[in-house]
Amino acid sequence: MFDNCISQGEVSLGIELGSTRIKAVLINVESKILAVGSHTWENSLIDGVWTYSLEDVEAGVQAAFADLQRNVEGRYGVRITNLKTVGVSAMMHGYLAFDADDQLLVPFRTWRNTMTEAAAEELSELFGMNIPQRWSVAHYYQAVLNGESHVSRVSFLTTLAGYVHWKLTGIRALGVGDASGMFPIGVDGNYDQDMARLFDERLAQRTGKASTASVLSLLPPVLSAGQAAGELSPAGARYLDPSGELQPGALACPPEGDAGTGMVATNAVTAHTGNVSVGTSVFAMVVLDQPLAKSHLEIDVVATPDGKPVAMVHCNNGTTELDEWVGVFREFASMVGVDVATSDLYDMLYKQALGGATDADGVVAFNYLSGEPITGTSAGMPMYVREPDSRLTLSHFIRAQLMGVFATLRLGMDILTVNEGVVVTELVAHGGVFKTPKVAQSILAAALDIPITVREGAGEGGAWGIAVLANYLRDEFRDLTLSDYLEGVFADNDESVRRPVSADVEGFDGFLANYRRALPAQRMLTQR
């Protein structure tokens with residue numbers, strides 16, 4: 001059955017460029033996953049800037065699609081030659097600046113960089129809302145403040161998802177969720193015109209000359225979920241599949257950021273719903289029914305893929321340091337002659353976290369590989385500390401590492417739930433850390449004191465989410481709102497819910513108290 005829909009081109013492809021993996025997910029009209037392909041990659045720290053080369057972007061997308069093609073052929077005995085729809089997602093924000101000849105002016109500056117503090121502070125005051133250091137407008141304005149020579153030649157700014165979409169379709173466009181990480185979005189679902197005017201005036205003051213073009217002329221047009229954003233071009237088909245086997249013509253949905261596709265992947269696009277995405281970074285999204293009472297430096301205001309306002313708590317550091325420690329245990333296993341599959345190793349170690357003291361008995365772990373604006377750290381320095389009388393067991397160590405992943409998120413979420421009084425009755429979580437049943441899910445429930453739901457396919461996350469958004473372009477869904485469409489997608493989806501356990505909540509509070517005590521040492525170590 002599935003081989004027929006693949007051979008007939010009645011399938012949708014979602015590609016997501018995450019921080020450590022590029023995924024390609026193929027789904028049918030019911031949004032069921034047919035096959036997955038992936039490619040592992042890593043960012044590079046070059047001259048103090050976290051970056052990926054555009055050559056690595058192209059090679060990585062091709063490798064992920066080739067892996068998908070192999071898996072499809074091995075499983076169904078057919079190959080992908082045509083697609084119905086296609087969509088691209090990627091890590092949000094950052095800075096990709098091109099000149100009038102479409103040449104990249106400076107290496108891609110990713111969301112991970114914390115080099116735009118002066119610009120972010122000035123723009124936050126100017127706009128009366130938080131402008132995070134990650135946002136494209138902060139990177140652009142910081143380049144202005146730095147007097148960087150390339151600024152005068154900037155003709156076009158985009159995100160990583162916008163760039164790959166451009167390569168696939170020839171169209172410059174962004175989904176509203178991704179666009180909201182470039183420049184603030186107004187009530188009409190487009191870039192905020194008043195803030196653009198303020199920015200243009202401030203830019204003229206800084207440079208001493210007025211520009212005839214607004215900042216808006218540098219940004220991609222904004223589209224909402226359900227709108228077509230071009231189609232896969234002949235050049236785009238070759239970008240994905242250099243062999244020429246894949247044919248052009250698939251409709252393309254607006255490119256989105258990983259936050260937006262995470263909301264789709266968890267069916268969290270209506271007011272009072274929310275989700276948590278856990279990977280290289282960690283972020284929580286809560287869809288709002290009214291504006292926040294005040295601006296908070298720890299809270300971003302972004303948008304769902306159909307333009308609803310969202311409060312976002314973004315933490316730069318997620319599971320990367322935890323993965324490094326799993327690598328240490330893998331190395332030890334190999335040294336003693338034990339051959340264990342990586343997935344089994346994660347399961348064994350994570351399950352150890354459920355034993356021992358719920359506060360990790362005074363063991364504290366900081367996962368900071370890069371700066372963390374929520375806690376005021378400007379650079380990365382992973383750190384582990386403990387009380388002298390703590391029992392350093394495997395259970396306590398792994399539990400501390402997992403709780404450290406969620407500690408900064410808790411600090412940000414407290415601003416929403418305590419200071420702003422935002423009621424969150426449930427959060428849906430996704431990311432590879434939840435592939436081991438119950439463990440990370442239970443610790444996150446304790447960290448936030450909120451029930452946490454994990455749904456089928458949570459490990460595929462945003463790659464599946466963007467494939468679902470691509471499916472939304474089909475004629476049969478044209479008259480549905482995004483919310484109604486997703487209700488159908490999730491109608492038969494399996495899920496598990498973990499509710500907070502009082503002892504675990506108290507344990508996490510104890511861990512967080514020790515975490516706060518150790519924060520001054522973390523800040524001191526990362527001063528530059």
# chains A, B, ... in the order shown; residues from 1 in each chain; ligands from 1
call {"tool": "residues_around", "arguments": {"residues": "Thr266 of chain A", "least_positions_apart": "2", "cutoff": "8 Å", "atoms": "only C-alpha atoms", "output": "number ranges by chain"}}
result
A: 262-264, 268, 275, 428-430, 455, 458
call {"tool": "select_by_dssp", "arguments": {"residues": "segment 49-280 of chain A", "states": "helix (DSSP H, G or I)", "output": "VMD selection string"}}
result
chain A and resid 54 to 76 117 to 127 136 to 145 149 to 153 160 to 169 176 to 179 193 to 207 215 to 218 234 to 240 258 to 265
call {"tool": "closest_residue", "arguments": {"among": "A:Glu201, A:Asp389, A:Glu256, A:Asp192", "to": "Asp178 of chain A", "atoms": "only C-alpha atoms"}}
result
A:Glu256
call {"tool": "residues_around", "arguments": {"residues": "Lys438 of chain A", "least_positions_apart": "6", "cutoff": "10 Å", "atoms": "only C-alpha atoms", "output": "PyMOL selection string"}}
result
chain A and resi 350-351+354+444+452+454+496-498
call {"tool": "atom_distance", "arguments": {"atom1": "atom CA of Asn130 of chain A", "atom2": "atom CA of Ser89 of chain A"}}
result
23.9 Å
call {"tool": "closest_residue", "arguments": {"among": "A:Ser243, A:Glu148, A:Asn190, A:Arg391", "to": "Thr207 of chain A", "atoms": "only C-alpha atoms"}}
result
A:Glu148
